[in-house]
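Source file structure-v1.txt; content: compact mmCIF, C-alpha atoms.
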# COMPACT_ATOMS: atom_id res chain seq x y z
CA MET G 26 -65.36 -46.91 -5.92
CA SER G 27 -66.39 -43.61 -7.43
CA ILE G 28 -65.41 -41.85 -4.18
CA LEU G 29 -61.92 -43.43 -4.37
CA THR G 30 -61.59 -42.31 -7.97
CA LYS G 31 -62.42 -38.76 -6.94
CA ILE G 32 -60.20 -38.67 -3.84
CA LEU G 33 -57.15 -40.44 -5.24
CA PRO G 34 -55.92 -37.59 -7.52
CA ILE G 35 -56.27 -35.16 -4.59
CA ILE G 36 -54.24 -37.47 -2.35
CA LEU G 37 -51.60 -37.89 -5.04
CA ILE G 38 -51.34 -34.15 -5.70
CA SER G 39 -50.98 -33.61 -1.93
CA ILE G 40 -48.17 -36.19 -1.85
CA ILE G 41 -46.46 -34.43 -4.80
CA PHE G 42 -46.59 -31.05 -3.03
CA TYR G 43 -45.54 -32.59 0.26
CA ILE G 44 -42.43 -34.09 -1.34
CA LEU G 45 -41.74 -30.85 -3.17
CA LEU G 46 -41.94 -28.68 -0.05
CA ASN G 47 -40.45 -31.01 2.53
CA ASN G 48 -37.84 -32.86 0.56
CA ILE G 49 -36.80 -31.13 -2.63
CA TYR G 50 -37.00 -27.44 -1.64
CA PRO G 51 -34.84 -27.69 1.55
CA LYS G 52 -32.25 -29.72 -0.38
CA TYR G 53 -32.30 -27.16 -3.18
CA GLN G 54 -31.74 -24.37 -0.60
CA ASP G 55 -28.83 -26.31 0.93
CA VAL G 56 -27.27 -26.76 -2.51
CA LEU G 57 -27.67 -23.03 -3.22
CA ASP G 58 -26.01 -22.14 0.11
CA LEU G 59 -23.16 -24.53 -0.53
CA THR G 60 -22.67 -23.15 -4.05
CA LYS G 61 -22.43 -19.63 -2.62
CA LYS G 62 -19.97 -20.81 0.03
CA LEU G 63 -17.88 -22.57 -2.58
CA SER G 64 -17.80 -19.51 -4.78
CA ALA G 65 -16.74 -17.35 -1.77
CA LEU G 66 -13.98 -19.83 -0.98
CA ASN G 67 -12.83 -19.84 -4.59
CA ASN G 68 -12.68 -16.04 -4.50
CA LYS G 69 -10.64 -16.18 -1.32
CA GLN G 70 -8.27 -18.67 -2.92
CA LYS G 71 -7.85 -16.33 -5.87
CA GLN G 72 -7.21 -13.40 -3.50
CA ILE G 73 -4.56 -15.39 -1.68
CA SER G 74 -2.77 -16.35 -4.88
CA ASP G 75 -3.07 -12.74 -6.17
CA LEU G 76 -1.57 -11.51 -2.93
CA LYS G 77 1.27 -14.00 -3.18
CA SER G 78 2.12 -12.91 -6.70
CA SER G 79 1.74 -9.20 -5.78
CA ILE G 80 4.15 -9.60 -2.90
CA GLN G 81 6.60 -11.41 -5.15
CA SER G 82 6.42 -8.66 -7.77
CA LEU G 83 6.50 -5.90 -5.11
CA SER G 84 10.18 -6.27 -4.42
CA LYS G 85 10.92 -5.97 -8.16
CA ILE G 86 9.32 -2.53 -8.52
CA SER G 87 11.96 0.20 -8.49
CA GLN G 88 9.74 2.74 -6.64
CA PHE G 89 9.19 0.16 -3.97
CA GLN G 90 12.93 -0.29 -3.66
CA GLN G 91 13.07 3.44 -2.94
CA LEU G 92 10.45 2.99 -0.23
CA LEU G 93 12.48 0.18 1.27
CA SER G 94 15.39 2.58 1.51
CA GLN G 95 13.13 5.03 3.38
CA LYS G 96 12.39 2.41 6.03
CA GLU G 97 13.91 4.52 8.79
CA THR G 98 11.47 7.35 8.12
CA LEU G 99 8.53 4.97 7.95
CA ASN G 100 9.63 3.48 11.27
CA VAL G 101 9.43 6.93 12.86
CA TRP G 102 5.87 7.46 11.60
CA LEU G 103 4.70 3.98 12.42
CA PRO G 104 7.22 2.10 14.55
CA VAL G 105 7.49 -1.64 14.98
CA LYS G 106 7.03 -1.45 18.76
CA PRO G 107 4.81 0.85 20.87
CA GLN G 108 7.93 2.89 21.80
CA VAL G 109 6.13 4.72 24.57
CA GLU G 110 9.39 6.37 25.66
CA GLU G 111 9.49 8.18 22.32
CA ILE G 112 5.94 9.46 22.85
CA ILE G 113 6.86 10.61 26.39
CA TYR G 114 9.94 12.40 25.00
CA ASN G 115 7.84 14.17 22.34
CA LEU G 116 5.16 15.12 24.86
CA SER G 117 7.55 16.44 27.49
CA ASN G 118 9.24 18.59 24.80
CA LEU G 119 5.88 19.88 23.66
CA TYR G 120 4.82 20.73 27.23
CA ASN G 121 8.21 22.40 27.85
CA PHE G 122 7.77 24.47 24.71
CA PHE G 123 4.55 25.88 26.16
CA LYS G 124 6.18 26.30 29.59
CA LEU G 125 3.93 23.66 31.08
CA GLU G 126 4.87 20.77 33.30
CA PHE G 127 4.19 17.32 31.81
CA GLN G 128 2.83 15.33 34.72
CA GLY G 129 2.81 12.00 32.92
CA THR G 130 -0.08 9.92 31.68
CA ASP G 131 -1.28 6.31 31.53
CA PHE G 132 -0.63 4.52 28.28
CA GLU G 133 -3.15 1.94 27.20
CA ILE G 134 -1.50 -0.32 24.63
CA SER G 135 -3.93 -2.47 22.69
CA THR G 136 -3.01 -6.12 22.66
CA LYS G 137 -5.61 -6.70 20.00
CA GLU G 138 -4.44 -5.29 16.72
CA LYS G 139 -6.73 -2.89 14.94
CA LYS G 140 -8.00 -4.59 11.77
CA SER G 141 -7.82 -2.27 8.81
CA ASP G 142 -7.46 -4.60 5.86
CA GLU G 143 -7.51 -8.39 5.79
CA PHE G 144 -4.38 -8.69 3.68
CA VAL G 145 -2.29 -5.96 5.24
CA LEU G 146 -0.66 -6.18 8.67
CA SER G 147 -2.87 -4.41 11.19
CA PRO G 148 -1.62 -1.63 13.45
CA GLY G 149 -1.86 -1.69 17.23
CA THR G 150 -2.93 1.40 19.16
CA ILE G 151 -1.60 3.32 22.14
CA ASN G 152 -4.17 5.51 23.87
CA PHE G 153 -3.33 8.19 26.38
CA ARG G 154 -4.98 11.15 28.06
CA LEU G 155 -3.52 14.62 28.28
CA SER G 156 -4.53 17.53 30.43
CA VAL G 157 -3.55 20.89 28.94
CA ASN G 158 -3.94 24.15 30.81
CA LEU G 159 -3.53 26.82 28.14
CA PRO G 160 -5.58 29.75 26.87
CA PHE G 161 -7.70 28.85 23.83
CA GLU G 162 -5.41 30.37 21.17
CA LYS G 163 -2.33 28.62 22.58
CA LEU G 164 -4.27 25.39 23.04
CA LEU G 165 -4.96 25.38 19.31
CA ILE G 166 -1.24 25.70 18.59
CA PHE G 167 -0.54 22.88 21.07
CA ILE G 168 -3.08 20.63 19.31
CA ASP G 169 -1.67 21.60 15.92
CA TYR G 170 1.83 20.53 17.03
CA LEU G 171 0.40 17.29 18.40
CA GLU G 172 -1.42 16.49 15.17
CA LYS G 173 1.63 17.30 13.07
CA ASN G 174 3.96 15.17 15.18
CA VAL G 175 6.13 12.85 13.06
CA ARG G 176 4.89 9.93 15.15
CA LEU G 177 1.32 9.54 13.90
CA MET G 178 -1.27 10.68 16.44
CA SER G 179 -5.02 11.32 16.26
CA ILE G 180 -7.21 13.09 18.76
CA LYS G 181 -10.08 10.72 19.42
CA LYS G 182 -11.86 12.78 22.06
CA ALA G 183 -11.36 16.28 23.33
CA THR G 184 -13.09 18.35 25.96
CA ILE G 185 -12.38 22.06 26.17
CA TYR G 186 -13.70 23.88 29.25
CA SER G 187 -13.96 27.64 29.65
CA ASP G 188 -12.63 27.47 33.22
CA LYS G 189 -10.67 24.17 33.47
CA PRO G 190 -7.73 22.52 31.65
CA ALA G 191 -8.64 20.83 28.37
CA ILE G 192 -8.66 17.04 28.27
CA LEU G 193 -7.43 15.27 25.13
CA LEU G 194 -7.71 11.55 24.44
CA VAL G 195 -5.00 10.78 21.91
CA GLU G 196 -4.38 7.63 19.88
CA SER G 197 -0.98 6.72 18.50
CA TYR G 198 -0.06 3.65 16.44
CA TYR G 199 2.56 0.98 15.92
CA LEU G 200 2.87 -1.95 13.54
CA PRO G 201 3.98 -5.17 15.22
CA HIS G 202 6.61 -7.04 13.26
CA ASN G 203 8.25 -10.41 13.92
CA LYS G 204 11.79 -9.38 13.05
CA MET J 6 -63.30 -61.25 -14.04
CA GLU J 7 -61.01 -60.35 -11.08
CA ARG J 8 -58.48 -58.55 -13.33
CA THR J 9 -61.27 -56.47 -14.81
CA GLY J 10 -62.39 -55.67 -11.23
CA LEU J 11 -58.92 -54.40 -10.21
CA LYS J 12 -58.71 -52.40 -13.39
CA ASN J 13 -62.02 -50.83 -12.56
CA LEU J 14 -61.04 -50.21 -8.93
CA PHE J 15 -58.00 -48.01 -9.87
CA PRO J 16 -58.21 -45.85 -12.97
CA TRP J 17 -54.56 -46.51 -13.85
CA GLY J 18 -54.62 -44.23 -16.86
CA ALA J 19 -55.44 -41.23 -14.68
CA ILE J 20 -53.12 -42.18 -11.81
CA ALA J 21 -50.04 -43.02 -13.89
CA PRO J 22 -48.91 -39.39 -14.53
CA PHE J 23 -49.03 -38.66 -10.78
CA ILE J 24 -47.06 -41.80 -9.97
CA PHE J 25 -44.46 -40.87 -12.60
CA PHE J 26 -44.23 -37.37 -11.15
CA ILE J 27 -43.67 -38.72 -7.65
CA ILE J 28 -40.95 -41.06 -8.96
CA PHE J 29 -39.44 -38.12 -10.86
CA GLU J 30 -39.43 -36.04 -7.65
CA TYR J 31 -37.61 -38.79 -5.79
CA LEU J 32 -35.05 -38.95 -8.59
CA ILE J 33 -34.50 -35.18 -8.31
CA ALA J 34 -34.20 -35.47 -4.51
CA PHE J 35 -31.66 -38.25 -4.96
CA GLY J 36 -29.73 -36.17 -7.49
CA LEU J 37 -29.74 -33.15 -5.17
CA ASP J 38 -28.55 -35.31 -2.29
CA TYR J 39 -25.68 -36.59 -4.38
CA TYR J 40 -24.76 -33.11 -5.62
CA LYS J 41 -25.02 -31.70 -2.07
CA GLN J 42 -22.70 -34.40 -0.74
CA ASN J 43 -20.27 -33.63 -3.51
CA LEU J 44 -20.35 -29.89 -2.79
CA ASP J 45 -20.03 -30.53 0.94
CA ASN J 46 -16.85 -32.52 0.36
CA LYS J 47 -15.45 -29.85 -1.96
CA VAL J 48 -16.24 -27.07 0.54
CA SER J 49 -14.70 -28.84 3.52
CA THR J 50 -11.58 -29.79 1.54
CA LEU J 51 -11.18 -26.25 0.28
CA GLU J 52 -11.81 -24.80 3.74
CA VAL J 53 -9.09 -26.93 5.30
CA ALA J 54 -6.68 -26.16 2.46
CA LEU J 55 -7.37 -22.42 2.63
CA THR J 56 -6.96 -22.25 6.41
CA LYS J 57 -3.61 -24.02 6.05
CA GLU J 58 -2.58 -21.77 3.17
CA GLU J 59 -3.70 -18.65 5.04
CA ASN J 60 -1.76 -19.57 8.18
CA LEU J 61 1.35 -20.28 6.13
CA LEU J 62 0.89 -17.06 4.20
CA ASN J 63 0.42 -15.07 7.44
CA GLU J 64 3.63 -16.48 8.84
CA ASP J 65 5.46 -15.83 5.55
CA LEU J 66 4.10 -12.32 5.33
CA LYS J 67 5.01 -11.44 8.88
CA ASN J 68 8.61 -12.26 8.03
CA ASN J 69 8.56 -10.68 4.61
CA GLU J 70 10.31 -7.31 4.64
CA SER J 71 8.67 -6.02 1.46
CA PHE J 72 5.21 -6.88 2.74
CA PHE J 73 5.93 -5.23 6.07
CA VAL J 74 7.00 -1.97 4.38
CA PHE J 75 3.97 -2.19 2.10
CA SER J 76 1.72 -2.63 5.18
CA GLN J 77 3.45 0.28 6.88
CA VAL J 78 2.82 2.59 3.91
CA LYS J 79 -0.79 1.40 3.51
CA ASN J 80 -1.50 1.91 7.21
CA ILE J 81 0.14 5.35 7.29
CA VAL J 82 -1.97 6.46 4.32
CA ASP J 83 -5.15 4.99 5.88
CA ILE J 84 -4.53 6.62 9.28
CA VAL J 85 -3.79 10.02 7.74
CA GLN J 86 -6.82 9.82 5.45
CA GLN J 87 -9.22 8.65 8.15
CA ARG J 88 -7.90 11.01 10.81
CA LYS J 89 -10.23 13.87 11.64
CA SER J 90 -8.12 16.89 12.38
CA PHE J 91 -9.36 18.46 15.60
CA ILE J 92 -8.00 21.84 14.51
CA GLN J 93 -10.08 21.63 11.33
CA VAL J 94 -13.13 20.63 13.39
CA ILE J 95 -12.70 23.65 15.68
CA ASN J 96 -12.12 26.03 12.78
CA LYS J 97 -15.12 24.72 10.88
CA PHE J 98 -17.27 24.79 14.01
CA ASN J 99 -16.26 28.41 14.69
CA SER J 100 -16.99 29.38 11.11
CA ILE J 101 -20.55 28.03 11.14
CA MET J 102 -21.53 29.04 14.67
CA PRO J 103 -23.61 32.14 15.35
CA ASN J 104 -22.05 35.33 16.70
CA SER J 105 -20.15 34.59 19.92
CA ALA J 106 -21.75 37.70 21.45
CA ILE J 107 -25.03 35.74 21.52
CA LEU J 108 -23.68 32.30 22.49
CA LYS J 109 -21.10 31.67 25.21
CA LEU J 110 -19.72 28.14 25.35
CA LYS J 111 -18.74 26.62 28.70
CA VAL J 112 -17.87 23.14 27.47
CA PHE J 113 -16.96 21.87 24.00
CA GLU J 114 -16.61 18.12 23.62
CA PHE J 115 -15.54 16.39 20.40
CA ASP J 116 -15.89 12.65 19.79
CA ALA J 117 -14.14 11.62 16.56
CA ASN J 118 -15.41 8.02 16.60
CA ASN J 119 -19.05 9.03 16.80
CA ASN J 120 -18.69 12.22 14.74
CA GLU J 121 -20.28 14.19 17.52
CA ILE J 122 -19.81 17.48 19.29
CA LYS J 123 -21.41 18.19 22.64
CA ILE J 124 -21.74 21.80 23.68
CA GLU J 125 -22.80 23.34 26.95
CA GLY J 126 -23.34 27.06 26.97
CA THR J 127 -25.42 30.04 27.88
CA VAL J 128 -27.35 32.73 26.06
CA ASP J 129 -28.70 35.98 27.47
CA ASN J 130 -32.42 35.37 27.00
CA TRP J 131 -35.05 33.01 25.65
CA ASN J 132 -35.24 34.89 22.40
CA ASP J 133 -31.54 34.23 21.76
CA TYR J 134 -31.97 30.57 22.72
CA VAL J 135 -34.71 30.10 20.12
CA LYS J 136 -32.55 31.89 17.53
CA VAL J 137 -29.50 29.70 18.30
CA HIS J 138 -31.52 26.47 18.35
CA ASN J 139 -33.24 27.30 15.06
CA TYR J 140 -29.97 28.33 13.48
CA LEU J 141 -28.22 25.08 14.46
CA ALA J 142 -31.18 22.90 13.50
CA ASN J 143 -31.18 24.37 9.99
CA LEU J 144 -27.48 24.05 9.19
CA ASN J 145 -26.60 21.62 6.37
CA GLU J 146 -23.30 20.43 7.84
CA ILE J 147 -24.69 19.29 11.18
CA SER J 148 -27.83 17.86 12.75
CA VAL J 149 -28.98 18.30 16.33
CA LYS J 150 -28.96 14.79 17.81
CA SER J 151 -30.29 15.65 21.27
CA PHE J 152 -30.59 18.54 23.66
CA THR J 153 -31.43 19.02 27.31
CA SER J 154 -34.25 21.30 28.28
CA PRO J 155 -32.84 24.80 28.65
CA LYS J 156 -33.06 26.32 32.13
CA SER J 157 -32.97 29.91 33.30
CA GLU J 158 -30.30 30.37 35.99
CA GLY J 159 -28.89 33.63 37.30
CA GLY J 160 -30.41 35.63 34.47
CA LEU J 161 -28.88 33.40 31.78
CA ILE J 162 -30.35 30.54 29.78
CA LYS J 163 -28.26 27.39 30.23
CA PHE J 164 -28.45 24.59 27.71
CA SER J 165 -26.57 21.61 26.30
CA MET J 166 -26.77 19.96 22.93
CA VAL J 167 -25.29 16.97 21.09
CA ILE J 168 -24.59 17.70 17.45
CA ASN J 169 -23.95 15.10 14.76
CA LEU J 170 -21.35 16.07 12.19
CA LYS J 171 -22.34 15.20 8.62
CA PRO J 172 -19.66 14.26 6.03
CA SER J 173 -20.02 17.74 4.49
CA PHE J 174 -18.80 19.20 7.81
CA TYR J 175 -15.35 17.76 7.16
CA GLN J 176 -15.16 19.12 3.62
CA GLN J 177 -13.00 22.20 3.23
Mind turning this structure into structure tokens?
Amino acid sequence: MSILTKILPIILISIIFYILLNNIYPKYQDVLDLTKKLSALNNKQKQISDLKSSIQSLSKISQFQQLLSQKETLNVWLPVKPQVEEIIYNLSNLYNFFKLEFQGTDFEISTKEKKSDEFVLSPGTINFRLSVNLPFEKLLIFIDYLEKNVRLMSIKKATIYSDKPAILLVESYYLPHNK
Amino acid sequence: MERTGLKNLFPWGAIAPFIFFIIFEYLIAFGLDYYKQNLDNKVSTLEVALTKEENLLNEDLKNNESFFVFSQVKNIVDIVQQRKSFIQVINKFNSIMPNSAILKLKVFEFDANNNEIKIEGTVDNWNDYVKVHNYLANLNEISVKSFTSPKSEGGLIKFSMVINLKPSFYQQ
């Protein structure tokens, strides 16, 4: 009897800790996770409604109305379609200017749009490779023209050799639109 | 007599707090279960509603002229801001490099995505190689990521190096 009296509290304390660790703590963790998830979802809901109201108020801003009137210019910088023919036209003019022959290039148009911001339409990319056989000083002017082209372009990779034509990997952009 | 025996067998006074605690724990577990179920329902309802709302919004936005122009402007600004001008990279590189009489570059490779420049070049002697390597390793704007072992060929020391461009490199 005295042994039972001594052991019983130990058994009961073990049961208490067992329940605490195996039953209550995992449930508490689950509740915490769900609370975090719920708060993230609530934030997202707020972002969506903020975006809706921002878009509604956007068209009422006078400066934005001015931007809307400049749509043509914006479409030149970042067109709605890849408009590869426009890039080819620009490139062939640029090569002609430097008395070089533009021998064409392969255009890699990304089907997957480049994600920049969750609540802004994402641009697609057009990658192409150029081979330019010019002395260094003229090559710099060629690159400068390319970078300052009205159609947005970025040089993603470039290799300049001392004894071979330079290779440029260029990225251009477009913004797909339903209309 | 028997009742007294049972009373003596279990010291109820000492056990009772433990029993109450266990019951209390089960009540908490039950409460947590109930709350969890409630949250679960709220989360799944909200998830479904948000997905629906998001899809509708996406469709609306794709057809919304104002939003399209806004996206166009935002993307143009982002692209121009994030673009690393190759001309600037070359000019900056030239300005920080040692005297071209010491170092002769054969290949210059720029990778904008990885902020890296790979150079392959030659110097006249081992002394110059050590000078160039030390000079590049101690510049604040760049860090030497890797280099191949230099080799002496035809009286010149050939080497190649991959250089990481730090954010300060792009500052004017």
Using all atoms listed in the file, which residues of chain J come within 6 Å of chain G, and what is the closest atom pair for each, with the distance in Å to one decimal? Give it as CSV, sorted by chain and residue number.
residue,atom,partner,partner_atom,distance
J:Ile27,CA,G:Ile41,CA,5.9
J:Ala34,CA,G:Ile49,CA,5.4
J:Lys41,CA,G:Val56,CA,5.4
J:Val48,CA,G:Leu63,CA,5.7
J:Ser76,CA,G:Val145,CA,5.2
J:Lys111,CA,G:Ser187,CA,5.0
J:Val112,CA,G:Tyr186,CA,4.6
J:Phe113,CA,G:Ile185,CA,5.1
J:Glu114,CA,G:Thr184,CA,4.2
J:Phe115,CA,G:Ala183,CA,5.1
J:Asp116,CA,G:Lys182,CA,4.6
J:Ala117,CA,G:Lys181,CA,5.0
Can you measure CA of Leu116 in chain G to CA of Leu155 in chain G for me? One decimal in Å is fine.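 For CA of Leu116 in chain G relative to CA of Leu155 in chain G, the distance reads 9.3 Å.
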If we count all atoms listed in the file and set the cut-off at 6 Å, which residues sit around range 127-132 of chain J, ignoring sequence neighbours fewer than 6 positions away in its own chain? Please answer as an MDAnalysis selection string. chainID J and resid 107:109 161:163
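A straight line drawn from CA of Ile113 in chain G to CA of Val94 in chain J is 25.9 Å long.
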Please, what distance in Å, to one decimal, runs between CA of Pro103 in chain J and CA of Lys136 in chain J?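 It comes out at 9.2 Å.
Distances from G:Asn115, G:Val101, G:Gln108, G:Phe122 to Lys163 in chain G were compared using all atoms listed in the file, and the smallest one belongs to G:Phe122.
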